[in-house]
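Here's the structure we're looking at; comments come further down.
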Amino acid sequence: MSSNSSPSHEWWRTAVIYQVYPRSFADSSGNGIGDLPGVTSRLDHLAALGVDAVWLSPFYRSPQNDAGYDVSDYCDVDPMFGTLADADALIARAHHLGLRVIFDIVPNHSSSEHVWFQEALAAGPGSPERDHYIFREGRGPNGAEPPNNWQSTFGGPAWTRITEADGTPGPWYLHLFDTTQPDFDWTNPWVADRFDEVLRFWLDRGIDGFRIDVAHGLAKSPGLPDVDTDPMLIGGGWTTEEHPYWSRDDVHAIWRRWRHVTEEYDGDRALVAEAWVLPLSKMAQWVRDDELHQAFNFGYLMTPWDAKDMRAVIDDSLESFGTVGAPSTWVLSNHDTIRHTTRLSTKAPLAHNIGIGPQSLDRPDEAHSIARGRAATLLMLALPGSAYVYQGEELGLPEAIDIPDDARQDPTFFHTPAGVYGRDGCRVPLPWESDAPAYGFSPTGASWLPQPASWARYAADSQRGVAGSTLEMYREALKLRRERSLAHGTLGWNESDSDVLDFTVSGVRVVSNMSDDPVALPSGDRLLASGPVGESLPPDTTVWLAI
Ligand code: GLC
């Protein structure tokens with residue numbers, strides 16, 4: 001393969017994996033929505049950045065009610081994003097550049113427009129087709145109440161009632177997310193068989209793995225009992241207690257099965273869990289050595305900019321994942337969360353899809369939050385294990401806060417109380433060129449979400465080759481990370497003030513000042529810093545020193 005990717009076994013243990021959100025990466029057609037040829041045309045940027053792999057959020061056929069996480073055909077590309085030939089070209093170009101390729105897969109639910117769900121509706125009560133999804137009779141007189149009290153992650157009941165072909169009110173179907181995202185019944189072997197086929201379809205095309213959507217949600221408690229308490233955070237599902245649909249033990253059999261499928265293939269294919277599970281010692285069950293290869297470390301993502309909390313979550317991560325022989329991962333941003341540049345400077349709740357918008361009281365100062373965001377990045381990229389970078393964070397993008405209500409797209413915004421803005425602010429199309437239409441995102445200047453007027457300064461071409469720019473900081477950090485084998489190292493803490501993180505890994509001393517005051521700088525040759533550093537280390541700054 002590549003200069004970038006290690007040819008060695010288990011590349012994913014130390015990889016930096018870059019998330020492409022295809023709608024917002026690069027638009028080649030000019031319709032204002034990013035597409036696969038757009039991604040392919042910009043892969044050089046990722047190779048130059050120095051990442052090892054690229055993960056693409058869904059681009060499959062979809063009515064786009066949840067930005068593509070509502071899939072109506074798992075084995076085809078939505079015309080909005082291109083064709084299967086475009087997917088093949090993307091894979092080939094990425095491999096040529098030495099980048100591995102991971103695609104998203106959404107097994108908890110399909111779109112209600114998927115032919116399997118349409119067949120289930122048409123086949124009628126008692127049919128085998130109905131059993132591919134979770135249909136139940138309602139409660140109360142005439143079954144007019146939902147079968148239980150479960151709530152959709154996007155707000156409102158998790159059940160929608162259907163009308164049968166003859167016009168009579170029918171049963172209800174379960175959807176843990178949007179009404180147009182019916183949950184599969186994973187107790188039905190038919191469902192597992194279909195997904196084996198989907199996995200093989202893409203593995204046969206040469207991809208290097210999958211990111212598994214809602215990997216904590218597929219197994220439901222038999223009998224579908226009410227939820228006693230309400231442990232759900234909006235969009236989440238964190239709970240340490242047994243829950244009727246999140247993080248149930250039965251889900252692990254599915255991941256063992258998927259592991260077997262990937263092991264039929266050569267080339268070290270990897271499976272990554274999106275599993276919102278706490279504590280991390282429980283999340284680690286998803287990456288036992290016969291299950292998935294790694295899991296997003298959402299415990300880390302949710303940790304505020306606080307030295308004590310950060311140190312605790314780093315220790316917990318290394319311990320929890322290490323105990324099962326898996327690498328820890330590290331992630332600060334993705335398409336569901338407030339961009340870390342902004343988030344780490346807010347006091348806002350950290351629940352992952354609440355968002356921030358024009359009426360939010362807690363609007364951080366941009367210059368200050370950028371400094372902190374960069375410091376957080378340098379801390380993360382020094383940690384041993386595998387790291388995820390979300391598109392645009394290498395440009396230092398803040399959250400887009402002032403998106404008008406009538407331009408918003410996320411279903412969360414429409415189904416939840418005022419003040420919950422949802423996830424549009426982290427999904428705004430990327431700025432590539434400072435003075436091109438739509439900042440080079442689209443040749444026509446169209447953009448499915450409005451780009452802030454201030455984004456010219458974040459454009460890739462404003463930063464490329466500019467010493468001290470966020471883009472150059474990422475590039476330098478990834479280069480040093482590789483050269484110095486930071487990801488392979490063992491972390492040892494150094495004594496420090498309680499508001500400072502100070503550790504050594506692979507001969508590099510990493511110091512992050514999370515206090516409000518400058519602190520003394522340890523000795524060592526300065527390799528890289530997230531901001532200006534003089535005699536002392538200013539607040540909200542991380543430095544890497546060779547020792
Ligand atoms: C995951 C995705 C999110 C999506 C949800 C439902 O959490 O990351 O974007 O809305 O699953 O598929």
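Here's how to read the names in the structure tokens: chain A, B, ... by the order shown, residue numbers from 1 in each chain, ligand numbers from 1 in the order shown.
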Which chain A residues have any atom within 9 Å of an atom of ligand 1, and for each, what is the nearest pair of atoms with distance in Å to one decimal, counting only C-alpha atoms and all ligand atoms, rows sorted by chain and number, as CSV?
```
residue,atom,partner,partner_atom_place_in_ligand_line,distance
A:Ser57,CA,ligand 1,8 (O),8.3
A:Asp66,CA,ligand 1,10 (O),5.7
A:Ala67,CA,ligand 1,9 (O),7.5
A:Gly68,CA,ligand 1,12 (O),8.2
A:Tyr69,CA,ligand 1,12 (O),4.5
A:Asp70,CA,ligand 1,12 (O),6.6
A:Val106,CA,ligand 1,12 (O),6.4
A:Pro107,CA,ligand 1,12 (O),8.7
A:Asn108,CA,ligand 1,12 (O),7.6
A:His109,CA,ligand 1,12 (O),7.3
A:Ser110,CA,ligand 1,12 (O),8.7
A:Thr153,CA,ligand 1,6 (C),8.4
A:Phe154,CA,ligand 1,10 (O),8.3
A:Leu176,CA,ligand 1,6 (C),8.2
A:Phe177,CA,ligand 1,6 (C),5.9
A:Asp178,CA,ligand 1,6 (C),7.9
A:Gln181,CA,ligand 1,12 (O),7.9
A:Ile212,CA,ligand 1,1 (C),8.8
A:Asp213,CA,ligand 1,1 (C),5.2
A:Val214,CA,ligand 1,11 (O),5.3
A:Ala215,CA,ligand 1,1 (C),8.9
A:Gly235,CA,ligand 1,7 (O),7.3
A:Gly236,CA,ligand 1,7 (O),7.8
A:Glu274,CA,ligand 1,7 (O),7.1
A:Ala275,CA,ligand 1,7 (O),8.5
A:Trp276,CA,ligand 1,7 (O),8.4
A:Asn334,CA,ligand 1,8 (O),8.1
A:His335,CA,ligand 1,9 (O),6.4
A:Asp336,CA,ligand 1,9 (O),5.5
A:Asn353,CA,ligand 1,9 (O),8.9
A:Asp410,CA,ligand 1,10 (O),8.7
A:Pro411,CA,ligand 1,10 (O),8.6
A:Thr412,CA,ligand 1,10 (O),8.8
A:Arg423,CA,ligand 1,9 (O),8.4
```
Save out the residues we just selected, N, CA and C atoms, as an mmCIF file, in the first residue's frame.
```cif
data_model
loop_
_atom_site.group_PDB
_atom_site.id
_atom_site.type_symbol
_atom_site.label_atom_id
_atom_site.label_comp_id
_atom_site.auth_asym_id
_atom_site.auth_seq_id
_atom_site.Cartn_x
_atom_site.Cartn_y
_atom_site.Cartn_z
ATOM 1 N N SER A 57 -19.174 9.045 6.133
ATOM 2 C CA SER A 57 -20.555 8.909 6.585
ATOM 3 C C SER A 57 -21.408 8.481 5.389
ATOM 4 N N ASP A 66 -32.588 11.822 7.620
ATOM 5 C CA ASP A 66 -31.589 11.970 8.677
ATOM 6 C C ASP A 66 -30.206 12.030 8.022
ATOM 7 N N ALA A 67 -30.128 12.880 7.009
ATOM 8 C CA ALA A 67 -28.851 13.120 6.320
ATOM 9 C C ALA A 67 -28.161 11.817 5.906
ATOM 10 N N GLY A 68 -28.936 10.857 5.434
ATOM 11 C CA GLY A 68 -28.352 9.631 4.893
ATOM 12 C C GLY A 68 -28.255 8.488 5.873
ATOM 13 N N TYR A 69 -28.505 8.745 7.171
ATOM 14 C CA TYR A 69 -28.545 7.642 8.141
ATOM 15 C C TYR A 69 -29.901 6.937 8.090
ATOM 16 N N ASP A 70 -30.685 7.262 7.078
ATOM 17 C CA ASP A 70 -31.941 6.573 6.777
ATOM 18 C C ASP A 70 -31.751 5.945 5.391
ATOM 19 N N VAL A 106 -25.365 1.139 8.669
ATOM 20 C CA VAL A 106 -26.450 1.528 9.582
ATOM 21 C C VAL A 106 -27.377 0.324 9.793
ATOM 22 N N PRO A 107 -27.050 -0.551 10.751
ATOM 23 C CA PRO A 107 -27.816 -1.787 10.885
ATOM 24 C C PRO A 107 -28.980 -1.733 11.874
ATOM 25 N N ASN A 108 -29.094 -0.680 12.667
ATOM 26 C CA ASN A 108 -30.178 -0.652 13.647
ATOM 27 C C ASN A 108 -31.529 -0.428 12.978
ATOM 28 N N HIS A 109 -31.512 0.349 11.909
ATOM 29 C CA HIS A 109 -32.760 0.736 11.253
ATOM 30 C C HIS A 109 -32.487 0.985 9.786
ATOM 31 N N SER A 110 -33.524 0.910 8.984
ATOM 32 C CA SER A 110 -33.403 1.337 7.587
ATOM 33 C C SER A 110 -34.266 2.576 7.414
ATOM 34 N N THR A 153 -34.999 9.138 19.974
ATOM 35 C CA THR A 153 -33.818 9.951 20.261
ATOM 36 C C THR A 153 -33.981 11.376 19.735
ATOM 37 N N PHE A 154 -34.766 11.516 18.686
ATOM 38 C CA PHE A 154 -34.963 12.847 18.102
ATOM 39 C C PHE A 154 -36.182 13.557 18.682
ATOM 40 N N LEU A 176 -36.308 4.045 16.984
ATOM 41 C CA LEU A 176 -35.583 4.743 18.050
ATOM 42 C C LEU A 176 -35.095 6.116 17.591
ATOM 43 N N PHE A 177 -35.140 6.335 16.280
ATOM 44 C CA PHE A 177 -34.724 7.643 15.763
ATOM 45 C C PHE A 177 -35.928 8.267 15.040
ATOM 46 N N ASP A 178 -35.755 8.792 13.844
ATOM 47 C CA ASP A 178 -36.856 9.485 13.160
ATOM 48 C C ASP A 178 -37.996 8.516 12.832
ATOM 49 N N GLN A 181 -37.316 5.982 10.241
ATOM 50 C CA GLN A 181 -36.186 5.057 10.460
ATOM 51 C C GLN A 181 -36.640 3.849 11.286
ATOM 52 N N ILE A 212 -19.732 1.361 12.490
ATOM 53 C CA ILE A 212 -21.060 0.780 12.716
ATOM 54 C C ILE A 212 -21.914 1.747 13.522
ATOM 55 N N ASP A 213 -22.978 2.201 12.881
ATOM 56 C CA ASP A 213 -23.879 3.174 13.482
ATOM 57 C C ASP A 213 -24.691 2.535 14.609
ATOM 58 N N VAL A 214 -24.829 3.249 15.718
ATOM 59 C CA VAL A 214 -25.673 2.822 16.848
ATOM 60 C C VAL A 214 -25.372 1.359 17.229
ATOM 61 N N ALA A 215 -24.120 1.059 17.435
ATOM 62 C CA ALA A 215 -23.707 -0.317 17.716
ATOM 63 C C ALA A 215 -24.120 -0.784 19.116
ATOM 64 N N GLY A 235 -30.484 12.287 22.296
ATOM 65 C CA GLY A 235 -29.518 11.821 21.322
ATOM 66 C C GLY A 235 -28.554 10.782 21.836
ATOM 67 N N GLY A 236 -28.629 10.446 23.082
ATOM 68 C CA GLY A 236 -27.593 9.597 23.620
ATOM 69 C C GLY A 236 -28.057 8.211 23.945
ATOM 70 N N GLU A 274 -19.789 2.745 16.851
ATOM 71 C CA GLU A 274 -20.361 3.952 17.445
ATOM 72 C C GLU A 274 -21.274 3.452 18.557
ATOM 73 N N ALA A 275 -20.755 3.426 19.756
ATOM 74 C CA ALA A 275 -21.506 2.863 20.880
ATOM 75 C C ALA A 275 -21.465 3.858 22.034
ATOM 76 N N TRP A 276 -22.590 4.506 22.258
ATOM 77 C CA TRP A 276 -22.643 5.495 23.343
ATOM 78 C C TRP A 276 -22.898 4.741 24.636
ATOM 79 N N ASN A 334 -17.273 15.257 15.804
ATOM 80 C CA ASN A 334 -17.880 14.469 14.728
ATOM 81 C C ASN A 334 -19.123 15.191 14.235
ATOM 82 N N HIS A 335 -19.898 14.519 13.390
ATOM 83 C CA HIS A 335 -21.051 15.172 12.752
ATOM 84 C C HIS A 335 -22.264 15.262 13.672
ATOM 85 N N ASP A 336 -22.144 14.799 14.912
ATOM 86 C CA ASP A 336 -23.267 14.829 15.854
ATOM 87 C C ASP A 336 -23.034 15.785 17.016
ATOM 88 N N ASN A 353 -26.121 15.966 20.826
ATOM 89 C CA ASN A 353 -26.725 16.646 19.678
ATOM 90 C C ASN A 353 -27.613 17.822 20.059
ATOM 91 N N ASP A 410 -31.621 19.525 10.518
ATOM 92 C CA ASP A 410 -31.564 18.349 11.397
ATOM 93 C C ASP A 410 -32.937 18.053 11.993
ATOM 94 N N PRO A 411 -33.410 16.797 11.878
ATOM 95 C CA PRO A 411 -34.724 16.474 12.469
ATOM 96 C C PRO A 411 -34.788 16.790 13.963
ATOM 97 N N THR A 412 -33.656 16.736 14.637
ATOM 98 C CA THR A 412 -33.659 17.059 16.071
ATOM 99 C C THR A 412 -34.253 18.449 16.303
ATOM 100 N N ARG A 423 -27.726 19.426 15.125
ATOM 101 C CA ARG A 423 -26.362 19.182 14.698
ATOM 102 C C ARG A 423 -25.925 19.926 13.443
#
```
Could you pull out all residues of range 22-211 of chain A with a DSSP call of strand (DSSP E or B) and give them as an MDAnalysis selection string?
-> chainID A and resid 53:56 60:61 73:77 100:105 109 133 135:136 139 145 151 157 159:163 169:174 183:184 209:211
Could you state the separation of CA of Asp497 in chain A and CA of Val519 in chain A in Å, given to one decimal place?
->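 CA of Asp497 in chain A sits 8.6 Å away from CA of Val519 in chain A.
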Do a neighbour search on range 394-407 of chain A at 9 Å with only C-alpha atoms, toss out local chain neighbours closer than 3 positions, and write the hits as JSON, numbers by chain.
-> {"A": [49, 338, 339, 340, 341, 342, 343, 355, 356, 357, 358, 359, 360, 363, 366, 369, 370, 373, 374, 389, 390, 391, 413, 421, 424, 425, 426, 427, 428, 430, 431, 448, 449, 450, 451, 452, 455, 458, 459, 460, 463, 469, 470, 471, 472, 473, 474, 475]}
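For the set A:Arg288, A:Gly138, A:Ala477, A:Ile254, the residue with the smallest atom-to-atom gap to Gly50 in chain A is A:Ala477, counting only C-alpha atoms.
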Near Leu521 in chain A, within 9 Å and counting only C-alpha atoms, which residues show up once chain neighbours fewer than 4 positions away are dropped, as an NGL selection string?
-> :A and (511 or 533-537 or 543)
